[in-house]
$ cat work30.txt   # compact mmCIF, C-alpha atoms
# COMPACT_ATOMS: atom_id res chain seq x y z
CA MET A 1 72.58 116.52 45.44
CA LEU A 2 76.15 115.44 46.21
CA LEU A 3 76.79 113.96 49.64
CA SER A 4 79.55 116.52 50.29
CA THR A 5 77.11 119.36 49.57
CA THR A 6 74.49 117.74 51.82
CA LEU A 7 77.05 117.35 54.60
CA LYS A 8 78.13 120.99 54.22
CA ILE A 9 74.51 122.18 54.49
CA ALA A 10 73.93 119.93 57.53
CA LEU A 11 77.02 121.26 59.32
CA GLY A 12 76.05 124.84 58.53
CA SER A 13 72.55 124.29 59.89
CA LEU A 14 73.86 122.75 63.11
CA ALA A 15 76.47 125.50 63.51
CA THR A 16 73.80 128.22 63.51
CA ASN A 17 72.52 126.86 66.86
CA LYS A 18 75.70 125.81 68.61
CA LEU A 19 74.29 125.61 72.14
CA ARG A 20 71.26 123.61 71.08
CA THR A 21 73.46 121.28 69.05
CA ALA A 22 75.83 120.73 72.01
CA LEU A 23 72.97 120.04 74.42
CA THR A 24 71.39 117.62 71.94
CA MET A 25 74.68 115.73 71.60
CA LEU A 26 75.11 115.56 75.39
CA GLY A 27 72.82 112.54 75.80
CA VAL A 28 74.81 110.58 73.22
CA ILE A 29 78.12 111.69 74.77
CA ILE A 30 77.03 110.51 78.23
CA GLY A 31 75.67 107.23 76.86
CA VAL A 32 78.70 106.25 74.79
CA GLY A 33 81.11 107.47 77.49
CA ALA A 34 79.34 105.44 80.18
CA VAL A 35 79.30 102.28 78.03
CA ILE A 36 83.03 102.60 77.24
CA ALA A 37 84.00 103.29 80.87
CA MET A 38 81.75 100.63 82.43
CA LEU A 39 82.75 97.82 80.06
CA GLY A 40 86.42 98.77 80.22
CA LEU A 41 86.50 98.81 84.03
CA GLY A 42 84.36 95.68 84.27
CA ASN A 43 86.74 93.80 81.98
CA ALA A 44 89.72 95.08 84.00
CA PHE A 45 88.16 93.73 87.22
CA SER A 46 87.56 90.36 85.53
CA GLU A 47 91.16 90.16 84.30
CA LYS A 48 92.47 91.11 87.76
CA ILE A 49 90.49 88.27 89.36
CA ARG A 50 91.71 85.84 86.68
CA GLY A 51 95.30 87.00 87.17
CA GLN A 52 95.14 86.55 90.94
CA ILE A 53 93.77 83.02 90.55
CA ASP A 54 96.49 82.20 87.99
CA GLN A 55 99.15 83.50 90.38
CA MET A 56 97.84 81.24 93.13
CA GLY A 57 98.22 78.25 90.80
CA THR A 58 96.38 76.32 88.13
CA ASN A 59 94.39 73.11 88.58
CA LEU A 60 94.50 73.79 92.30
CA LEU A 61 92.50 72.48 95.25
CA PHE A 62 92.71 73.52 98.89
CA VAL A 63 91.77 71.06 101.62
CA ARG A 64 90.92 73.04 104.76
CA PRO A 65 89.66 71.97 108.18
CA GLY A 66 85.97 72.26 108.87
CA GLN A 67 84.48 74.48 111.57
CA ARG A 68 82.62 73.84 114.76
CA GLY A 69 80.41 76.09 116.82
CA GLY A 70 77.44 78.16 115.72
CA PRO A 71 74.48 80.11 117.08
CA GLY A 72 74.52 79.95 120.86
CA MET A 73 77.90 78.21 120.89
CA GLY A 74 80.23 81.18 120.52
CA ALA A 75 82.49 81.96 117.58
CA ARG A 76 83.07 79.25 114.98
CA GLN A 77 86.55 77.70 115.13
CA ALA A 78 88.48 75.47 112.76
CA VAL A 79 88.65 71.86 113.90
CA GLN A 80 92.13 70.36 114.18
CA THR A 81 91.87 67.26 112.02
CA LEU A 82 94.23 67.67 109.02
CA THR A 83 97.59 66.00 109.50
CA PRO A 84 100.78 65.56 107.43
CA GLU A 85 99.75 61.91 107.08
CA ASP A 86 96.57 63.05 105.30
CA ALA A 87 98.73 64.90 102.78
CA GLU A 88 100.90 61.81 102.25
CA ALA A 89 97.77 59.76 101.57
CA ILE A 90 96.40 62.33 99.10
CA ILE A 91 99.56 62.35 96.97
CA ALA A 92 98.99 58.65 96.25
CA LEU A 93 95.59 59.31 94.64
CA PRO A 94 95.30 59.04 90.83
CA GLY A 95 95.08 62.43 89.13
CA VAL A 96 97.08 64.22 91.85
CA LYS A 97 100.27 65.88 90.59
CA ALA A 98 101.67 67.47 93.76
CA VAL A 99 100.73 68.11 97.38
CA SER A 100 102.01 70.52 100.01
CA PRO A 101 101.08 70.37 103.70
CA SER A 102 100.84 73.94 104.98
CA SER A 103 101.02 75.61 108.36
CA VAL A 104 100.66 79.40 108.28
CA ASN A 105 101.69 81.61 111.16
CA SER A 106 102.47 85.27 111.74
CA GLY A 107 105.04 87.09 113.79
CA GLN A 108 108.06 89.33 113.76
CA LEU A 109 111.17 88.63 111.74
CA LYS A 110 114.50 90.18 112.74
CA ALA A 111 117.84 90.57 111.03
CA GLY A 112 120.40 92.62 112.91
CA ASN A 113 118.71 95.83 114.01
CA ARG A 114 115.96 95.58 111.39
CA ASN A 115 112.64 93.79 111.69
CA SER A 116 109.58 92.98 109.60
CA ASN A 117 106.06 92.12 110.71
CA THR A 118 105.64 89.84 107.73
CA ALA A 119 102.27 88.94 106.24
CA GLY A 120 102.87 85.25 106.76
CA ILE A 121 105.29 82.61 108.03
CA SER A 122 104.44 79.72 105.72
CA GLY A 123 105.46 76.21 106.67
CA VAL A 124 105.29 74.30 103.39
CA ALA A 125 106.79 71.50 101.33
CA PRO A 126 109.17 72.27 98.42
CA SER A 127 106.35 71.40 96.01
CA ILE A 128 104.44 74.59 96.96
CA PHE A 129 106.70 76.66 94.70
CA ALA A 130 105.56 74.74 91.61
CA ILE A 131 101.97 74.38 92.82
CA GLN A 132 101.48 78.12 93.34
CA ASN A 133 103.76 79.39 90.56
CA TYR A 134 106.51 80.87 92.75
CA VAL A 135 109.77 81.46 90.92
CA VAL A 136 112.95 81.40 93.00
CA GLU A 137 114.99 84.32 91.63
CA ARG A 138 118.03 83.87 93.86
CA GLY A 139 119.39 80.86 95.68
CA ARG A 140 117.31 77.69 95.92
CA VAL A 141 114.36 76.07 97.65
CA PHE A 142 114.76 73.69 100.56
CA THR A 143 114.95 69.98 99.80
CA ASP A 144 112.88 66.99 100.94
CA GLN A 145 115.81 65.94 103.14
CA GLU A 146 115.75 69.36 104.87
CA VAL A 147 112.00 68.91 105.41
CA THR A 148 112.54 65.45 106.90
CA ARG A 149 115.11 66.70 109.43
CA ALA A 150 113.18 69.93 110.14
CA ALA A 151 116.08 72.12 109.04
CA ARG A 152 116.14 75.80 109.94
CA VAL A 153 116.27 77.18 106.39
CA ALA A 154 114.10 79.87 104.83
CA VAL A 155 113.10 81.35 101.47
CA LEU A 156 112.10 85.02 101.61
CA GLY A 157 109.66 86.99 99.51
CA PRO A 158 111.18 90.06 97.79
CA VAL A 159 109.34 92.57 100.02
CA THR A 160 110.46 90.82 103.20
CA ALA A 161 114.03 90.54 101.89
CA GLY A 162 114.05 94.25 101.03
CA GLU A 163 112.86 95.22 104.51
CA LEU A 164 115.35 93.02 106.35
CA PHE A 165 118.35 93.41 104.04
CA PRO A 166 118.01 96.71 102.13
CA GLY A 167 120.68 97.02 99.46
CA GLN A 168 122.17 93.64 100.42
CA GLU A 169 122.04 90.09 99.17
CA ALA A 170 119.60 88.21 101.42
CA VAL A 171 120.78 84.70 100.46
CA GLY A 172 123.32 83.43 102.97
CA GLN A 173 122.19 85.77 105.74
CA VAL A 174 120.54 84.74 109.01
CA VAL A 175 117.03 85.83 109.95
CA LYS A 176 115.33 85.23 113.29
CA ILE A 177 111.72 84.04 113.27
CA LYS A 178 110.21 84.49 116.73
CA GLY A 179 113.71 84.42 118.17
CA ILE A 180 114.82 81.28 116.28
CA GLY A 181 117.65 81.65 113.76
CA PHE A 182 117.11 80.53 110.15
CA ARG A 183 119.61 80.58 107.28
CA VAL A 184 118.21 82.27 104.15
CA ILE A 185 118.78 79.98 101.16
CA GLY A 186 116.55 81.62 98.53
CA GLN A 187 114.45 84.58 97.46
CA THR A 188 111.32 84.47 95.27
CA LYS A 189 110.54 86.66 92.29
CA ALA A 190 107.89 89.36 92.79
CA LYS A 191 104.30 88.36 91.99
CA GLY A 192 102.48 91.52 93.07
CA SER A 193 100.01 92.23 95.85
CA GLN A 194 96.71 90.32 95.95
CA GLY A 195 94.71 92.61 98.24
CA ARG A 196 94.98 91.61 101.89
CA MET A 197 97.40 88.82 101.01
CA ASN A 198 100.78 89.85 99.61
CA PRO A 199 102.68 86.76 98.35
CA ASP A 200 105.86 88.87 98.18
CA ASP A 201 105.79 89.68 101.90
CA GLN A 202 106.31 86.32 103.56
CA VAL A 203 108.87 83.71 104.51
CA PHE A 204 108.75 80.03 103.54
CA VAL A 205 110.18 77.36 105.86
CA PRO A 206 109.81 73.55 105.90
CA TYR A 207 106.41 72.64 107.32
CA THR A 208 108.03 70.19 109.75
CA THR A 209 110.12 73.03 111.16
CA ALA A 210 107.06 75.28 111.43
CA LEU A 211 105.06 72.61 113.25
CA LYS A 212 107.79 71.46 115.66
CA GLN A 213 109.92 74.53 116.36
CA ILE A 214 108.09 77.81 115.72
CA PRO A 215 105.69 78.81 118.54
CA PRO A 216 102.90 77.96 118.94
CA ARG A 217 103.96 74.39 118.16
CA ARG A 218 101.29 72.34 116.41
CA THR A 219 100.54 68.84 115.23
CA PHE A 220 97.77 69.80 112.78
CA LEU A 221 97.85 71.58 109.42
CA GLN A 222 95.93 74.69 108.44
CA PHE A 223 95.44 73.50 104.87
CA ILE A 224 96.75 71.13 102.22
CA ALA A 225 97.42 72.50 98.72
CA VAL A 226 96.74 69.94 95.98
CA SER A 227 97.66 70.29 92.30
CA THR A 228 95.98 67.99 89.76
CA VAL A 229 97.42 66.75 86.48
CA ASP A 230 94.90 68.79 84.46
CA LYS A 231 91.72 70.85 84.78
CA ASP A 232 89.49 67.91 83.87
CA SER A 233 90.73 65.97 86.90
CA LEU A 234 89.59 68.56 89.47
CA LYS A 235 86.11 67.13 90.02
CA THR A 236 87.30 63.51 90.17
CA VAL A 237 90.16 64.32 92.55
CA THR A 238 87.78 66.29 94.79
CA GLU A 239 85.55 63.23 95.09
CA GLU A 240 88.55 60.97 95.73
CA ILE A 241 89.89 63.28 98.48
CA THR A 242 86.45 63.41 100.09
CA THR A 243 86.18 59.61 100.10
CA LEU A 244 89.74 59.22 101.40
CA LEU A 245 89.31 61.68 104.29
CA HIS A 246 85.94 60.18 105.23
CA ARG A 247 87.76 56.90 105.69
CA ARG A 248 90.83 58.32 107.44
CA HIS A 249 88.81 60.54 109.81
CA ARG A 250 86.20 57.82 110.41
CA ILE A 251 83.29 60.02 109.31
CA ARG A 252 80.14 57.96 109.08
CA ALA A 253 77.38 58.45 106.51
CA GLY A 254 75.15 61.35 107.53
CA ASP A 255 77.76 62.98 109.78
CA ALA A 256 79.11 66.44 108.97
CA ASP A 257 82.51 66.61 107.31
CA ASP A 258 85.39 67.93 109.39
CA PHE A 259 87.09 69.32 106.26
CA ASN A 260 86.31 71.35 103.13
CA VAL A 261 87.71 70.92 99.61
CA GLU A 262 87.87 74.25 97.75
CA ASN A 263 88.11 74.35 93.96
CA LEU A 264 89.63 77.65 92.77
CA THR A 265 88.50 77.01 89.20
CA GLU A 266 84.87 76.99 90.33
CA PHE A 267 85.51 80.20 92.25
CA LEU A 268 87.03 81.78 89.14
CA GLU A 269 84.08 80.72 86.98
CA THR A 270 81.63 82.11 89.54
CA ALA A 271 83.58 85.39 89.79
CA GLN A 272 83.70 85.72 86.00
CA THR A 273 79.97 85.03 85.71
CA ILE A 274 79.21 87.69 88.32
CA SER A 275 81.58 90.09 86.55
CA PHE A 276 79.90 89.44 83.18
CA VAL A 277 76.40 89.92 84.59
CA LEU A 278 77.53 93.13 86.27
CA MET A 279 79.08 94.38 83.02
CA VAL A 280 75.89 93.66 81.08
CA PHE A 281 73.80 95.39 83.74
CA LEU A 282 76.03 98.48 83.80
CA ALA A 283 76.15 98.61 79.98
CA THR A 284 72.35 98.34 79.84
CA VAL A 285 71.93 101.17 82.33
CA ALA A 286 74.44 103.26 80.38
CA SER A 287 72.64 102.50 77.12
CA ILE A 288 69.51 104.13 78.53
CA SER A 289 71.36 107.42 78.16
CA LEU A 290 71.71 106.67 74.45
CA ILE A 291 67.96 106.08 74.17
CA VAL A 292 67.27 109.32 76.03
CA GLY A 293 69.74 111.04 73.73
CA GLY A 294 67.93 109.60 70.72
CA ILE A 295 64.62 110.97 71.97
CA GLY A 296 66.28 114.36 72.38
CA ILE A 297 67.59 114.21 68.81
CA MET A 298 64.15 113.32 67.46
CA ASN A 299 62.61 116.18 69.42
CA ILE A 300 65.15 118.71 68.14
CA MET A 301 64.87 117.44 64.56
CA LEU A 302 61.09 117.81 64.65
CA ALA A 303 61.52 121.36 65.95
CA THR A 304 64.09 121.99 63.20
CA VAL A 305 61.67 120.79 60.53
CA ALA A 306 59.01 123.18 61.88
CA GLU A 307 61.49 126.08 61.95
CA ARG A 308 62.72 125.42 58.42
CA THR A 309 59.39 124.69 56.76
CA ARG A 310 59.69 127.71 54.47
CA GLU A 311 63.29 126.77 53.59
CA ILE A 312 62.11 123.27 52.65
CA GLY A 313 59.39 124.78 50.44
CA VAL A 314 61.95 126.94 48.64
CA ARG A 315 64.24 123.95 48.05
CA LYS A 316 61.38 121.89 46.67
CA ALA A 317 60.22 124.74 44.47
CA LEU A 318 63.77 124.93 43.05
CA GLY A 319 63.67 121.25 42.13
CA ALA A 320 64.78 119.34 45.22
CA LYS A 321 63.29 115.85 45.33
CA ASN A 322 61.76 114.17 48.37
CA HIS A 323 64.79 111.92 48.79
CA ASN A 324 67.10 114.98 48.73
CA ILE A 325 65.26 116.49 51.70
CA LEU A 326 65.14 113.09 53.43
CA VAL A 327 68.91 112.58 53.05
CA GLN A 328 69.64 116.13 54.24
CA PHE A 329 67.82 115.71 57.56
CA MET A 330 69.11 112.16 58.04
CA VAL A 331 72.67 113.44 57.62
CA GLU A 332 72.04 116.12 60.24
CA ALA A 333 70.81 113.47 62.70
CA LEU A 334 73.82 111.26 61.97
CA VAL A 335 76.23 114.16 62.44
CA LEU A 336 74.71 114.76 65.86
CA THR A 337 75.01 111.13 66.97
CA LEU A 338 78.38 110.33 65.40
CA GLY A 339 79.87 113.57 66.68
CA GLY A 340 78.47 112.86 70.13
CA GLY A 341 79.69 109.26 69.87
CA LEU A 342 83.28 110.32 69.12
CA VAL A 343 83.31 112.82 71.98
CA GLY A 344 81.72 110.18 74.24
CA LEU A 345 84.41 107.70 73.19
CA LEU A 346 87.15 110.07 74.32
CA THR A 347 85.21 110.94 77.48
CA GLY A 348 84.69 107.27 78.39
CA TRP A 349 88.35 106.45 77.77
CA GLY A 350 89.43 109.38 79.93
CA LEU A 351 87.00 108.41 82.71
CA MET A 352 88.16 104.79 82.60
CA GLU A 353 91.82 105.77 82.85
CA GLY A 354 91.04 108.35 85.54
CA VAL A 355 89.24 105.85 87.77
CA ALA A 356 92.00 103.25 87.27
CA PHE A 357 94.71 105.83 88.05
CA GLY A 358 92.89 107.11 91.13
CA ALA A 359 92.37 103.61 92.50
CA LYS A 360 95.68 102.06 91.39
CA GLN A 361 97.14 102.02 94.91
CA TRP A 362 94.72 99.35 96.11
CA LEU A 363 93.02 98.03 92.98
CA GLU A 364 95.92 97.91 90.49
CA LEU A 365 93.59 97.85 87.50
CA ALA A 366 94.83 97.86 83.92
CA PRO A 367 91.79 98.79 81.77
CA ARG A 368 92.13 98.66 78.00
CA LEU A 369 90.07 100.30 75.28
CA GLN A 370 88.74 97.22 73.50
CA TRP A 371 87.92 97.50 69.81
CA TRP A 372 84.73 95.46 70.04
CA VAL A 373 83.41 97.86 72.69
CA VAL A 374 84.28 100.86 70.50
CA ILE A 375 82.62 99.31 67.44
CA LEU A 376 79.54 98.28 69.45
CA SER A 377 79.15 101.74 71.01
CA MET A 378 79.51 103.55 67.70
CA ALA A 379 77.16 101.09 65.98
CA VAL A 380 74.52 101.66 68.65
CA ALA A 381 75.02 105.44 68.41
CA THR A 382 74.64 105.27 64.62
CA GLY A 383 71.49 103.17 64.97
CA VAL A 384 70.07 105.66 67.46
CA GLY A 385 70.81 108.48 64.99
CA LEU A 386 69.16 106.70 62.08
CA ILE A 387 66.06 105.78 64.06
CA SER A 388 65.78 109.19 65.70
CA GLY A 389 66.20 111.10 62.47
CA LEU A 390 64.04 108.91 60.27
CA TYR A 391 60.60 110.24 61.21
CA PRO A 392 61.54 113.95 61.23
CA ALA A 393 63.37 113.50 57.89
CA TYR A 394 60.42 111.65 56.37
CA ARG A 395 58.05 114.32 57.61
CA ALA A 396 60.22 117.04 56.07
CA SER A 397 60.45 115.21 52.76
CA ARG A 398 56.64 114.88 52.50
CA LEU A 399 55.90 118.59 52.98
CA ASP A 400 53.84 120.15 50.19
CA PRO A 401 56.00 122.91 48.65
CA VAL A 402 52.97 125.20 48.16
CA VAL A 403 51.94 124.86 51.82
CA ALA A 404 55.56 125.19 52.92
CA LEU A 405 56.03 128.46 50.99
CA ARG A 406 52.94 129.94 52.65
CA TYR A 407 54.22 128.95 56.14
CA GLU A 408 55.05 131.89 58.43

$ encode --input "work30.txt" --output "structure tokens"
Amino acid sequence: MLLSTTLKIALGSLATNKLRTALTMLGVIIGVGAVIAMLGLGNAFSEKIRGQIDQMGTNLLFVRPGQRGGPGMGARQAVQTLTPEDAEAIIALPGVKAVSPSSVNSGQLKAGNRNSNTAGISGVAPSIFAIQNYVVERGRVFTDQEVTRAARVAVLGPVTAGELFPGQEAVGQVVKIKGIGFRVIGQTKAKGSQGRMNPDDQVFVPYTTALKQIPPRRTFLQFIAVSTVDKDSLKTVTEEITTLLHRRHRIRAGDADDFNVENLTEFLETAQTISFVLMVFLATVASISLIVGGIGIMNIMLATVAERTREIGVRKALGAKNHNILVQFMVEALVLTLGGGLVGLLTGWGLMEGVAFGAKQWLELAPRLQWWVVILSMAVATGVGLISGLYPAYRASRLDPVVALRYE
């Protein structure tokens, strides 16, 4: 029997019971759709995390002050131990490419009759722009000489510039930070929001100016950003910084550190591992629907064999071979699973895009329909169809034509 004829018979048989066919396919549709949506969204989350880390900078370490306090001692507070001199000592270490002392503050910015409660007033060194991948789109960054003399110059993020100077060129204007006038010398290119922290909604000033002139005046840093020459140097530089600060802060063996060295690469690897495990878990749960769908297909195919016993007897009496009957019922099972798989593929893609669109305001996901996920889902659906249809098809092919013709 030609495959086209077999396929035509299979489609005709399934079309005679449209509702039953649709309900049988539903398990496969849900399974494939869930796998497509879960893996697509999981991959989008992973890429978002990777993108945010890349925007913050590559081969990057953050040296932050430690904390004191604990149970029975009130809220934990950062100790004030990091100094600009610590940053100057760190830059001399082998494997260190660049360093930026940092003092972060918050407050109101004013320009004329407009104001902005900016996300951050960042006192930094000029090196921070290269360390954290900021691109100055207009104007320039402040120089080392301006840092040395604590000049009142500022570089604005695009969101801050748009709020203070809508429709105007921000460079060359004067902005007041907590009542102190600063000349705007540059504006950064947009990087996009990163959740609670928006790198486009802040103002950069020399860290010396931030420490000495912007209230509350400080002598200690909130963190030191360190860029290494390559990824392989991160571990070695971390150890060197730890040894250096132990010596500078006179921390004896066995005493608690008054600083922490954070490695963003380790954070990224941990986040990606969690994301991968979550994706596998969600895909496994979704695949259970495919197994349930396969059981439903086997159940319906067994019922179909019982209903069509007399038809099978007639076909065999007219010369149909066992393999002809086997192929016919296997094709019907495959039509059910492949048809359900295709509908599930479209359903999963639509669900993935729907969730991403609904959550774009705060998640900004960009899910993609990956070919390996499509191939894997359809391969699993095909395997489910073959396994589910094999026993009913074999049972149909082994029916005795004489017994089948007598069946009522």

$ residues_around --input "work30.txt" --residues "Asn105 of chain A" --least-positions-apart "2" --cutoff "9 Å" --atoms "all atoms listed in the file" --output "list in words"
Ser103, Gly107, Ala119, Gly120, Ile121, Ser122, Gly123, Ala210, Ile214, Pro215 and Pro216 of chain A

$ closest_residue --input "work30.txt" --among "A:Met25, A:Leu399, A:Leu282, A:Val124" --to "Gly313 of chain A" --atoms "only C-alpha atoms"
A:Leu399

$ closest_residue --input "work30.txt" --among "A:Leu245, A:Ile36, A:Ala286, A:Ala10" --to "Leu345 of chain A" --atoms "all atoms listed in the file"
A:Ile36

$ atom_distance --input "work30.txt" --atom1 "atom CA of Phe142 of chain A" --atom2 "atom CA of Gly95 of chain A"
25.4 Å

$ residues_around --input "work30.txt" --residues "Gly172 of chain A" --least-positions-apart "3" --cutoff "10 Å" --atoms "only C-alpha atoms" --output "PyMOL selection string"
chain A and resi 139+169+175+182-186

$ closest_residue --input "work30.txt" --among "A:Ala317, A:Ala151, A:Ala393, A:Met298" --to "Gly181 of chain A" --atoms "all atoms listed in the file"
A:Ala151

$ closest_residue --input "work30.txt" --among "A:Gln145, A:Gln108, A:Ser275, A:Thr208" --to "Glu163 of chain A" --atoms "only C-alpha atoms"
A:Gln108

$ atom_distance --input "work30.txt" --atom1 "atom CA of Phe276 of chain A" --atom2 "atom CA of Leu264 of chain A"
18.0 Å

$ closest_residue --input "work30.txt" --among "A:Arg217, A:Arg368, A:Arg149, A:Lys97" --to "Gly42 of chain A" --atoms "only C-alpha atoms"
A:Arg368

$ atom_distance --input "work30.txt" --atom1 "atom CA of Phe45 of chain A" --atom2 "atom CA of Lys235 of chain A"
26.8 Å

$ decode --input "work30.txt" --residues "segment 154-187 of chain A" --atoms "C-alpha atoms" --output "short mmCIF file (atom, residue, chain, number, x, y, z; two decimals), in the first residue's frame"
data_model
loop_
_atom_site.label_atom_id
_atom_site.label_comp_id
_atom_site.auth_asym_id
_atom_site.auth_seq_id
_atom_site.Cartn_x
_atom_site.Cartn_y
_atom_site.Cartn_z
CA ALA A 154 29.94 66.51 35.70
CA VAL A 155 29.00 63.88 33.11
CA LEU A 156 25.27 63.15 32.90
CA GLY A 157 23.43 59.99 31.99
CA PRO A 158 20.96 60.38 29.08
CA VAL A 159 17.86 60.05 31.28
CA THR A 160 19.11 62.68 33.72
CA ALA A 161 20.11 64.99 30.85
CA GLY A 162 16.67 64.59 29.28
CA GLU A 163 14.90 65.46 32.53
CA LEU A 164 17.02 68.53 33.26
CA PHE A 165 17.49 69.82 29.70
CA PRO A 166 14.59 68.55 27.55
CA GLY A 167 15.14 69.37 23.90
CA GLN A 168 18.45 71.11 24.69
CA GLU A 169 22.12 70.28 24.55
CA ALA A 170 23.20 69.41 28.11
CA VAL A 171 26.95 69.86 27.51
CA GLY A 172 28.05 73.33 28.54
CA GLN A 173 25.10 73.89 30.88
CA VAL A 174 25.27 74.24 34.66
CA VAL A 175 23.57 71.80 37.00
CA LYS A 176 23.29 72.15 40.77
CA ILE A 177 23.97 69.08 42.91
CA LYS A 178 22.68 69.67 46.43
CA GLY A 179 22.94 73.40 45.81
CA ILE A 180 26.50 73.28 44.41
CA GLY A 181 26.99 74.32 40.78
CA PHE A 182 28.70 71.91 38.35
CA ARG A 183 29.52 72.48 34.68
CA VAL A 184 28.28 69.64 32.44
CA ILE A 185 31.15 68.49 30.21
CA GLY A 186 29.75 65.21 28.84
CA GLN A 187 26.80 62.90 28.37
#
